[in-house]
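> Below is target_13.txt; it holds compact mmCIF, C-alpha atoms and all ligand atoms.
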```txt
# COMPACT_ATOMS: atom_id res chain seq x y z
CA MET A 1 -28.26 32.47 1.68
CA SER A 2 -29.78 35.59 0.08
CA ALA A 3 -30.90 35.67 -3.53
CA ALA A 4 -28.09 38.10 -4.32
CA GLU A 5 -25.37 35.60 -3.49
CA PRO A 6 -24.08 33.35 -6.30
CA THR A 7 -25.53 29.89 -6.10
CA THR A 8 -23.70 26.85 -7.33
CA GLU A 9 -24.59 23.21 -6.88
CA THR A 10 -21.38 22.77 -4.92
CA GLY A 11 -21.63 25.52 -2.35
CA PRO A 12 -18.94 27.26 -0.31
CA THR A 13 -17.09 24.02 0.52
CA SER A 14 -15.79 23.94 -3.06
CA ALA A 15 -13.35 26.84 -2.62
CA PRO A 16 -9.57 26.39 -2.98
CA VAL A 17 -7.89 25.64 0.35
CA THR A 18 -4.49 25.97 1.94
CA VAL A 19 -3.53 22.95 4.02
CA ARG A 20 -0.50 21.50 5.78
CA ALA A 21 1.15 18.62 3.93
CA LEU A 22 4.31 16.50 4.07
CA VAL A 23 6.47 17.67 1.16
CA ALA A 24 9.65 16.30 -0.38
CA ARG A 25 11.47 19.10 -2.21
CA GLY A 26 13.83 16.72 -4.02
CA SER A 27 15.22 13.21 -4.05
CA ASP A 28 16.67 12.51 -0.60
CA ALA A 29 15.92 16.09 0.51
CA GLU A 30 14.80 16.60 4.09
CA LEU A 31 11.04 16.05 4.42
CA ARG A 32 9.13 19.02 5.77
CA VAL A 33 5.57 19.86 6.69
CA GLU A 34 4.62 22.84 4.51
CA ARG A 35 1.52 24.80 3.69
CA VAL A 36 0.28 24.02 0.17
CA ARG A 37 -2.58 25.34 -1.95
CA LEU A 38 -5.11 22.89 -3.37
CA PRO A 39 -7.61 23.91 -6.07
CA ALA A 40 -11.35 23.78 -5.58
CA PRO A 41 -12.78 20.42 -6.63
CA GLY A 42 -13.63 20.56 -10.33
CA PRO A 43 -16.32 18.57 -12.16
CA GLY A 44 -16.35 14.99 -10.88
CA GLU A 45 -13.92 15.80 -8.06
CA VAL A 46 -14.14 15.83 -4.28
CA ARG A 47 -12.17 17.36 -1.46
CA VAL A 48 -11.53 14.96 1.39
CA THR A 49 -10.47 16.02 4.87
CA ILE A 50 -7.91 13.41 5.90
CA THR A 51 -8.35 11.80 9.32
CA ALA A 52 -5.55 9.21 9.11
CA ALA A 53 -2.80 8.37 6.62
CA GLY A 54 -0.26 5.55 6.73
CA VAL A 55 3.43 5.91 5.96
CA CYS A 56 4.01 3.29 3.24
CA HIS A 57 7.27 1.99 1.86
CA SER A 58 6.35 3.32 -1.60
CA ASP A 59 6.31 6.85 -0.14
CA LEU A 60 9.84 6.26 1.10
CA SER A 61 10.82 4.96 -2.37
CA MET A 62 9.41 8.18 -3.90
CA ALA A 63 11.23 10.37 -1.42
CA ASN A 64 14.62 8.63 -1.71
CA GLY A 65 14.70 8.26 -5.49
CA THR A 66 14.15 4.48 -5.76
CA LEU A 67 11.02 5.28 -7.76
CA ALA A 68 11.09 8.10 -10.30
CA ALA A 69 9.29 11.11 -8.87
CA ARG A 70 8.77 14.80 -9.60
CA PHE A 71 9.23 17.47 -6.97
CA PRO A 72 8.12 19.26 -4.91
CA LEU A 73 6.01 16.25 -4.01
CA VAL A 74 3.31 15.71 -1.41
CA LEU A 75 3.81 12.19 -0.03
CA GLY A 76 1.15 9.73 1.05
CA HIS A 77 -1.32 7.45 -0.73
CA GLU A 78 -2.89 5.31 2.01
CA ALA A 79 -5.57 7.22 3.87
CA THR A 80 -9.07 7.64 5.14
CA GLY A 81 -11.09 10.79 5.61
CA VAL A 82 -14.40 12.51 5.16
CA VAL A 83 -15.81 14.18 2.04
CA ALA A 84 -15.67 17.91 2.78
CA GLY A 85 -16.50 19.45 -0.58
CA THR A 86 -17.71 18.37 -3.99
CA GLY A 87 -17.42 19.66 -7.54
CA PRO A 88 -20.23 19.66 -10.10
CA GLY A 89 -21.73 16.31 -11.01
CA VAL A 90 -20.68 14.48 -7.84
CA ASP A 91 -23.27 12.32 -6.07
CA LEU A 92 -21.33 11.72 -2.84
CA ALA A 93 -22.66 13.68 0.11
CA VAL A 94 -20.45 15.94 2.20
CA GLY A 95 -19.70 14.06 5.42
CA THR A 96 -19.35 10.62 3.77
CA PRO A 97 -16.43 8.64 5.30
CA VAL A 98 -14.14 7.27 2.58
CA VAL A 99 -10.92 5.37 1.91
CA LEU A 100 -8.66 6.70 -0.84
CA ASN A 101 -7.91 4.51 -3.89
CA TRP A 102 -4.55 5.18 -5.57
CA ALA A 103 -5.45 3.17 -8.69
CA PRO A 104 -9.00 4.14 -9.64
CA ALA A 105 -10.10 2.08 -12.64
CA CYS A 106 -11.50 3.67 -15.81
CA ARG A 107 -14.00 0.77 -16.30
CA ALA A 108 -13.68 1.18 -20.08
CA CYS A 109 -10.25 -0.10 -21.15
CA TRP A 110 -9.44 -3.65 -22.32
CA TRP A 111 -8.23 -4.75 -18.83
CA CYS A 112 -11.16 -3.20 -16.96
CA ARG A 113 -13.64 -4.85 -19.32
CA ARG A 114 -12.09 -8.27 -18.78
CA GLY A 115 -12.30 -7.84 -15.00
CA GLU A 116 -8.70 -6.89 -14.22
CA PRO A 117 -9.12 -3.27 -13.07
CA TRP A 118 -5.80 -3.37 -11.17
CA LEU A 119 -4.10 -3.40 -14.58
CA CYS A 120 -6.21 -0.50 -15.90
CA ALA A 121 -4.57 1.22 -18.88
CA ALA A 122 -5.51 4.60 -17.43
CA THR A 123 -3.76 3.86 -14.16
CA THR A 124 -2.41 6.80 -12.18
CA ALA A 125 1.14 8.03 -12.84
CA PRO A 126 3.56 7.81 -9.88
CA THR A 127 3.32 11.56 -9.46
CA VAL A 128 0.55 13.82 -10.72
CA PRO A 129 0.81 17.64 -11.00
CA ARG A 130 -1.76 19.47 -8.88
CA GLY A 131 -1.86 22.54 -6.67
CA GLU A 132 1.15 24.63 -5.66
CA THR A 133 3.39 25.35 -2.74
CA GLU A 134 2.76 28.48 -0.70
CA ASP A 135 5.60 30.20 -2.62
CA GLY A 136 3.85 29.42 -5.91
CA VAL A 137 5.88 26.42 -7.19
CA PRO A 138 3.74 23.82 -9.05
CA LEU A 139 3.21 20.82 -6.81
CA HIS A 140 3.04 17.08 -7.53
CA LEU A 141 1.01 14.47 -5.65
CA THR A 142 2.09 10.90 -4.93
CA LEU A 143 -0.10 8.54 -7.00
CA GLY A 144 -2.51 11.40 -7.63
CA LEU A 145 -3.38 11.63 -3.92
CA GLY A 146 -0.70 13.27 -1.75
CA ALA A 147 -2.53 11.94 1.28
CA LEU A 148 -0.07 12.88 4.04
CA ALA A 149 -1.89 16.19 4.26
CA GLU A 150 -4.83 17.78 6.00
CA ALA A 151 -6.87 17.41 2.81
CA VAL A 152 -6.74 16.15 -0.77
CA VAL A 153 -8.66 17.06 -3.93
CA VAL A 154 -9.17 13.94 -6.05
CA PRO A 155 -11.49 12.42 -8.66
CA GLU A 156 -14.69 10.99 -7.17
CA ARG A 157 -13.66 7.54 -8.46
CA ALA A 158 -10.54 7.70 -6.25
CA VAL A 159 -12.65 7.50 -3.09
CA ILE A 160 -14.54 4.52 -1.72
CA PRO A 161 -17.33 5.05 0.86
CA ILE A 162 -16.95 3.09 4.11
CA PRO A 163 -19.15 2.79 7.21
CA ALA A 164 -18.86 5.54 9.83
CA GLY A 165 -17.20 4.81 13.15
CA LEU A 166 -14.26 2.64 12.07
CA PRO A 167 -10.95 3.30 13.86
CA ALA A 168 -9.33 5.76 11.45
CA GLU A 169 -5.77 4.51 11.93
CA GLN A 170 -6.88 1.02 10.87
CA ALA A 171 -9.30 2.10 8.13
CA ALA A 172 -6.48 4.09 6.46
CA LEU A 173 -4.54 0.87 5.87
CA LEU A 174 -7.40 -0.63 3.83
CA GLY A 175 -6.36 1.60 0.92
CA CYS A 176 -2.88 0.13 0.41
CA ALA A 177 -1.19 -2.31 2.81
CA VAL A 178 -4.26 -4.35 3.69
CA LEU A 179 -5.87 -4.45 0.24
CA THR A 180 -2.48 -5.40 -1.22
CA GLY A 181 -1.64 -8.03 1.39
CA VAL A 182 -5.09 -9.60 1.58
CA GLY A 183 -5.46 -9.60 -2.19
CA ALA A 184 -2.04 -11.18 -2.74
CA VAL A 185 -3.11 -14.16 -0.63
CA ARG A 186 -6.75 -14.46 -1.69
CA ASN A 187 -6.75 -13.26 -5.30
CA THR A 188 -3.24 -13.64 -6.72
CA ALA A 189 -1.92 -16.75 -4.99
CA GLY A 190 -5.17 -18.37 -3.87
CA VAL A 191 -3.67 -19.92 -0.73
CA ALA A 192 -5.66 -23.01 0.25
CA PRO A 193 -6.21 -24.64 3.67
CA GLY A 194 -3.30 -26.83 4.73
CA GLU A 195 -0.74 -25.13 2.46
CA SER A 196 2.63 -23.79 3.56
CA VAL A 197 3.58 -20.15 3.16
CA ALA A 198 6.71 -18.05 3.59
CA VAL A 199 6.46 -14.28 3.89
CA VAL A 200 9.69 -12.39 3.16
CA GLY A 201 9.70 -8.86 4.58
CA LEU A 202 7.50 -7.97 7.53
CA GLY A 203 6.41 -4.40 6.96
CA GLY A 204 2.74 -3.44 6.83
CA VAL A 205 2.08 -5.45 3.66
CA GLY A 206 4.04 -8.51 4.82
CA LEU A 207 2.11 -8.62 8.08
CA ALA A 208 -1.18 -8.28 6.19
CA VAL A 209 -0.10 -11.23 4.00
CA LEU A 210 0.77 -13.21 7.10
CA THR A 211 -2.52 -12.68 8.92
CA THR A 212 -4.48 -13.40 5.75
CA ALA A 213 -2.55 -16.64 5.12
CA ARG A 214 -3.52 -17.64 8.63
CA ARG A 215 -7.18 -16.86 7.96
CA ALA A 216 -6.98 -18.78 4.67
CA GLY A 217 -6.05 -21.90 6.63
CA ALA A 218 -2.34 -22.16 5.82
CA THR A 219 -0.81 -24.44 8.44
CA THR A 220 2.89 -23.66 8.07
CA ILE A 221 3.47 -19.92 8.01
CA LEU A 222 7.12 -18.90 8.03
CA ALA A 223 7.82 -15.22 8.65
CA VAL A 224 11.17 -14.00 7.32
CA ASP A 225 12.89 -10.69 8.00
CA VAL A 226 16.39 -9.27 8.45
CA ALA A 227 15.37 -7.76 11.80
CA GLU A 228 15.16 -10.04 14.82
CA ALA A 229 12.98 -7.32 16.37
CA LYS A 230 10.13 -8.45 14.09
CA ARG A 231 9.93 -11.90 15.72
CA ASP A 232 7.29 -11.18 18.40
CA LEU A 233 5.14 -9.18 15.99
CA ALA A 234 5.29 -12.00 13.42
CA LEU A 235 4.33 -14.67 15.92
CA ALA A 236 1.50 -12.51 17.29
CA ALA A 237 0.24 -11.98 13.73
CA GLY A 238 -0.09 -15.73 13.15
CA ALA A 239 3.32 -16.98 11.97
CA THR A 240 4.13 -20.53 13.05
CA ASP A 241 7.84 -19.64 12.96
CA PHE A 242 10.08 -16.61 12.58
CA LEU A 243 13.26 -17.04 10.54
CA LEU A 244 16.09 -14.57 10.10
CA ALA A 245 16.95 -13.81 6.48
CA ASP A 246 20.54 -15.08 6.58
CA ASP A 247 22.49 -17.72 4.67
CA ARG A 248 20.85 -20.52 6.67
CA LEU A 249 17.37 -19.51 5.52
CA SER A 250 16.81 -22.10 2.76
CA LYS A 251 17.95 -24.87 5.09
CA GLU A 252 15.67 -23.66 7.90
CA VAL A 253 12.68 -23.51 5.57
CA ARG A 254 13.34 -27.00 4.20
CA ALA A 255 13.63 -28.33 7.73
CA ARG A 256 10.03 -27.17 8.28
CA THR A 257 8.56 -28.38 4.98
CA GLU A 258 9.68 -32.03 4.72
CA SER A 259 12.68 -30.85 2.67
CA ARG A 260 10.47 -29.53 -0.16
CA GLY A 261 10.17 -25.79 0.36
CA VAL A 262 6.92 -23.89 0.77
CA ASP A 263 3.88 -24.00 -1.52
CA HIS A 264 3.78 -20.20 -1.63
CA ALA A 265 6.44 -17.56 -1.03
CA PHE A 266 5.44 -13.90 -0.84
CA GLU A 267 8.13 -11.32 -1.49
CA CYS A 268 7.11 -8.13 0.29
CA VAL A 269 10.29 -6.07 -0.05
CA GLY A 270 10.76 -5.29 -3.75
CA ARG A 271 14.43 -6.21 -4.23
CA ALA A 272 16.17 -8.66 -6.54
CA ALA A 273 17.95 -10.33 -3.62
CA THR A 274 14.72 -11.05 -1.74
CA ILE A 275 12.94 -12.19 -4.92
CA ARG A 276 15.76 -14.71 -5.45
CA ALA A 277 15.50 -15.74 -1.79
CA ALA A 278 11.73 -16.25 -2.12
CA TRP A 279 12.33 -18.29 -5.29
CA ARG A 280 14.76 -20.60 -3.46
CA LEU A 281 12.35 -21.12 -0.52
CA THR A 282 9.58 -22.40 -2.79
CA ARG A 283 9.00 -26.07 -3.60
CA ARG A 284 9.05 -27.52 -7.10
CA GLY A 285 5.78 -26.52 -8.69
CA GLY A 286 5.13 -23.86 -6.05
CA ALA A 287 4.39 -20.18 -6.56
CA VAL A 288 6.37 -17.03 -5.83
CA THR A 289 4.24 -13.90 -5.55
CA VAL A 290 6.12 -10.61 -5.76
CA VAL A 291 4.24 -7.98 -3.77
CA GLY A 292 7.04 -5.48 -3.17
CA MET A 293 7.59 -2.70 -5.71
CA GLY A 294 11.27 -2.56 -6.65
CA ALA A 295 13.58 -0.37 -8.70
CA LYS A 296 13.75 -0.45 -12.50
CA ASP A 297 17.45 -1.31 -12.64
CA ASP A 298 17.50 -3.99 -9.91
CA MET A 299 17.85 -7.10 -12.08
CA VAL A 300 16.74 -10.56 -10.92
CA SER A 301 18.83 -13.39 -12.31
CA LEU A 302 17.57 -16.98 -12.37
CA GLY A 303 19.15 -20.00 -14.03
CA ALA A 304 17.44 -21.18 -17.22
CA LEU A 305 17.69 -24.80 -16.12
CA ASP A 306 16.41 -23.86 -12.65
CA ILE A 307 13.34 -22.17 -14.17
CA PHE A 308 12.57 -25.28 -16.20
CA HIS A 309 13.39 -27.88 -13.57
CA SER A 310 11.74 -26.14 -10.60
CA ALA A 311 8.42 -25.67 -12.45
CA ARG A 312 7.77 -22.72 -10.16
CA THR A 313 5.46 -19.86 -11.03
CA LEU A 314 6.80 -16.33 -10.56
CA ARG A 315 4.27 -13.54 -10.77
CA SER A 316 3.49 -10.19 -9.23
CA SER A 317 0.49 -8.97 -7.34
CA VAL A 318 -0.40 -5.42 -8.36
CA TYR A 319 -2.67 -3.80 -5.73
CA GLY A 320 -3.54 -7.34 -4.57
CA SER A 321 -5.06 -8.21 -7.99
CA SER A 322 -8.10 -6.57 -6.45
CA ASP A 323 -10.99 -4.36 -7.43
CA PRO A 324 -10.82 -1.76 -4.63
CA ASP A 325 -14.39 -0.54 -5.27
CA ARG A 326 -15.67 -4.05 -4.57
CA GLU A 327 -13.17 -5.29 -1.98
CA VAL A 328 -12.53 -2.29 0.28
CA PRO A 329 -16.20 -2.24 1.40
CA VAL A 330 -15.94 -5.97 2.19
CA LEU A 331 -12.78 -5.41 4.25
CA ALA A 332 -14.35 -2.37 5.93
CA ALA A 333 -17.36 -4.53 6.92
CA GLU A 334 -14.97 -7.18 8.28
CA LEU A 335 -13.20 -4.47 10.25
CA ALA A 336 -16.51 -3.14 11.59
CA GLY A 337 -17.66 -6.65 12.55
CA GLY A 338 -14.40 -7.62 14.24
CA ALA A 339 -13.48 -10.40 11.75
CA LEU A 340 -10.54 -8.25 10.65
CA ASP A 341 -8.31 -6.76 13.36
CA LEU A 342 -5.57 -4.49 12.09
CA GLY A 343 -4.40 -3.38 15.52
CA LEU A 344 -1.15 -5.33 15.18
CA LEU A 345 -0.29 -3.58 11.93
CA VAL A 346 -0.40 -0.14 13.52
CA SER A 347 2.90 0.48 15.30
CA GLY A 348 1.72 3.85 16.52
CA THR A 349 -0.18 6.99 15.63
CA ILE A 350 1.66 10.28 15.25
CA PRO A 351 0.84 13.88 14.37
CA LEU A 352 1.74 15.14 10.88
CA ASP A 353 4.75 17.02 12.28
CA GLU A 354 6.32 13.71 13.30
CA ALA A 355 5.89 12.10 9.88
CA PRO A 356 9.53 12.79 8.81
CA ALA A 357 10.74 10.81 11.83
CA ALA A 358 8.39 7.97 10.84
CA PHE A 359 10.10 7.84 7.43
CA ASP A 360 13.44 7.44 9.23
CA ARG A 361 12.02 4.57 11.30
CA LEU A 362 10.59 2.95 8.16
CA ALA A 363 13.98 3.23 6.43
CA ARG A 364 15.55 1.45 9.42
CA GLY A 365 12.89 -1.28 9.22
CA GLU A 366 11.39 -0.43 12.62
CA GLY A 367 7.78 -1.36 13.34
CA ALA A 368 4.99 -2.24 10.93
CA ARG A 369 2.90 0.80 9.99
CA TRP A 370 3.19 4.30 11.42
CA VAL A 371 -0.03 6.18 10.91
CA VAL A 372 -0.41 9.96 10.91
CA THR A 373 -3.68 11.01 12.51
CA LEU A 374 -5.24 14.42 11.98
CA ASP A 375 -8.12 16.08 13.82
ZN ZN A 401 1.42 1.88 -0.30
ZN ZN A 402 -9.33 0.71 -17.28
```
Would you encode the structure as structure tokens?

Amino acid sequence: MSAAEPTTETGPTSAPVTVRALVARGSDAELRVERVRLPAPGPGEVRVTITAAGVCHSDLSMANGTLAARFPLVLGHEATGVVAGTGPGVDLAVGTPVVLNWAPACRACWWCRRGEPWLCAATTAPTVPRGETEDGVPLHLTLGLGALAEAVVVPERAVIPIPAGLPAEQAALLGCAVLTGVGAVRNTAGVAPGESVAVVGLGGVGLAVLTTARRAGATTILAVDVAEAKRDLALAAGATDFLLADDRLSKEVRARTESRGVDHAFECVGRAATIRAAWRLTRRGGAVTVVGMGAKDDMVSLGALDIFHSARTLRSSVYGSSDPDREVPVLAAELAGGALDLGLLVSGTIPLDEAPAAFDRLARGEGARWVVTLD
């Protein structure tokens, strides 16, 4: 660089970029891969080149209107990549492999200070305005990330460094499905050795719950889904039984738990009907952990006497009640060392152009996680 050229501490990698991204133009509109313009990383921000991004059910809920969203919207919030550019005041080096964090904690609010960063008061809005489409329309990003794209520009605190050399399609899942599923079992529910568990809904999160319950020493692990096609996957992931979610379900669960019901039920769908089902599968004094994110107007009704008499606990697990900055590196080390194998969770890898078809498969309940890989 000659002395005549402008020098900044961020260098030429900090320029605005145009990248390909999966965009929803409206609720239930056809998803398309479009070129979008992202700004240069500002102070405290980084640009990350995405290497792999999962297609999560929450993206589908954004695209189909179950969750309130603003459009045009870049989908995606579960991804891994490499730092490609930095704004002023960023310590991370270009080339650092990272996992994206869709709920970066402020570390200053009441919840952060009491050690519950997953409930941070400054938590990211469902959609955050940033960048623009190629025709100049202001763009929004899912959970401040918009990770189903060739690159993202995000705050430095929304990235978590991981070791180099991890399989990208598995590392991507650490940022949502795996952190959520593992945390629900370890942090929220605290499943103990010898306990019985039911997992309702066998998508990426449900399967992560299932494998973690197995690792936690649960001895009865009942996998529940509406799709018979999930049976082999569930058994391979560590379920002791697969049960169809039909009107015989409560009976089938009681037949496997000395008529009591399970110690822990995990609801991994996000619907009133499945929350009620999980409630009914749980023993007196047991715990129901709601992991799925449902719609605002989907009301769960429980009998007042039932609530009292059953002595069950009903609570949710937001982002696995986890601190991603602390727990993603632990999971990444487990993945690197072979203690954690996420191969079963990855149904297949696809190019960005095939992401719309993956949303269709997700809507039909096919497979676990479809992961978009980029060069
Ligand atoms: Zn997700
Ligand atoms: Zn906070």
> Mind giving me the straight-line distance from CA of Ala358 in chain A to CA of Trp370 in chain A in Å, one decimal?
6.4 Å
> So which residues are near ligand ZN 402 (chain A), meaning at most 12 Å away with all atoms listed in the file counted, given back as an MDAnalysis selection string?
chainID A and resid 103:124 157 323
> Find the residue from A:Leu233, A:Val48, A:Leu60, A:Val209 that sits nearest to Gly85 in chain A; use only C-alpha atoms when measuring.
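Smallest distance to Gly85 in chain A is found for A:Val48.
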> Counting all atoms listed in the file, give me one row per residue of range 263-312 of chain A with an atom at most 8 Å from an atom of range 246-257 of chain A, showing the shortest contact pair and its distance in Å to one decimal, sorted by chain then residue number, as a tab-separated table.

```
residue	atom	partner	partner_atom	distance
A:Ala277	CA	A:Ser250	CA	7.9
A:Arg280	CA	A:Ser250	CA	6.7
A:Leu281	CA	A:Ser250	CA	5.6
```
> Using all atoms listed in the file - which residues lie no farther than 10 Å from the point (-1.4, -1.7, 11.9) in the file's frame? Write them as a ChimeraX atom specification.
/A:54,169-173,177-178,203-205,207-208,341-349,367-371
> Set the distance at 7 Å and use all atoms listed in the file: which residues neighbour Asp241 in chain A once local chain neighbours fewer than 2 positions away are removed? I'd like the list as a list in words.
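My reading of the contact set: Ile221, Leu222, Ala223, Leu235, Ala239 and Leu243 of chain A.
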> Would you compute the box with edges along x, y and z of the file around range 300-312 of chain A, including every atom the file lists for it and 3 Å extra on each side, and give its centre and edge lengths in Å to one decimal, as AutoDock Vina command-line options?

```
--center_x 13.5 --center_y -19.2 --center_z -13.7 --size_x 17.4 --size_y 23.3 --size_z 13.1
```
> Quick one: residues within 12 Å of ligand ZN 401 (chain A), with all atoms listed in the file, as a ChimeraX atom specification?
/A:53-62,75-79,100-103,126,142-143,145-148,172-181,203-206,268-269,291-293,318-320,369
> Quick one: everything within 8 Å of Ala84 in chain A, counting only C-alpha atoms, minus sequence neighbours fewer than 5 positions away in the same chain. Send it as a list in words.
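Neighbouring residues, sequence-local ones excluded: Thr13, Val46, Arg47, Val48, Thr49, Val94 and Gly95 of chain A.
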> Between CA of Asp360 in chain A and CA of Glu34 in chain A, measure the distance and give it in Å to one decimal.
18.4 Å
> Skipping near chain neighbours, those fewer than 3 positions away, what residues fall within 8 Å of Pro193 in chain A using all atoms listed in the file, listed as a list of chain:residue names?
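That gives A:Ala216, A:Gly217, A:Ala218, A:Thr219.
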> Using only C-alpha atoms, which of A:Thr282, A:Val328, A:Val19, A:Pro163 sits nearest Thr96 in chain A?
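Looking at the shortest contact to Thr96 in chain A, the residue is A:Pro163.
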> Tell me, in Å to one decimal, how far CA of Val199 in chain A is from CA of Gly294 in chain A.
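Taking CA of Val199 in chain A as the start and CA of Gly294 in chain A as the end point, the length is 16.5 Å.
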> I'd like the neighbourhood of Ala336 in chain A as a PDB file with C-alpha atoms, in the coordinates of the input, where a residue qualifies if any of its atoms comes within 9 Å (using all atoms listed in the file), though same-chain residues fewer than 5 positions away should be ignored.

```pdb
ATOM      1  CA  PRO A 163     -19.150   2.790   7.210  1.00  0.00           C
ATOM      2  CA  GLY A 165     -17.200   4.810  13.150  1.00  0.00           C
ATOM      3  CA  LEU A 166     -14.260   2.640  12.070  1.00  0.00           C
ATOM      4  CA  PRO A 167     -10.950   3.300  13.860  1.00  0.00           C
ATOM      5  CA  LEU A 331     -12.780  -5.410   4.250  1.00  0.00           C
TER       6      LEU A 331
END
```
> Could you tell me which of A:Leu67, A:Val137, A:Val17, A:Val154 comes closest to Val99 in chain A if we count all atoms listed in the file?
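Answer, going by the shortest atom-to-atom distance: A:Val154.
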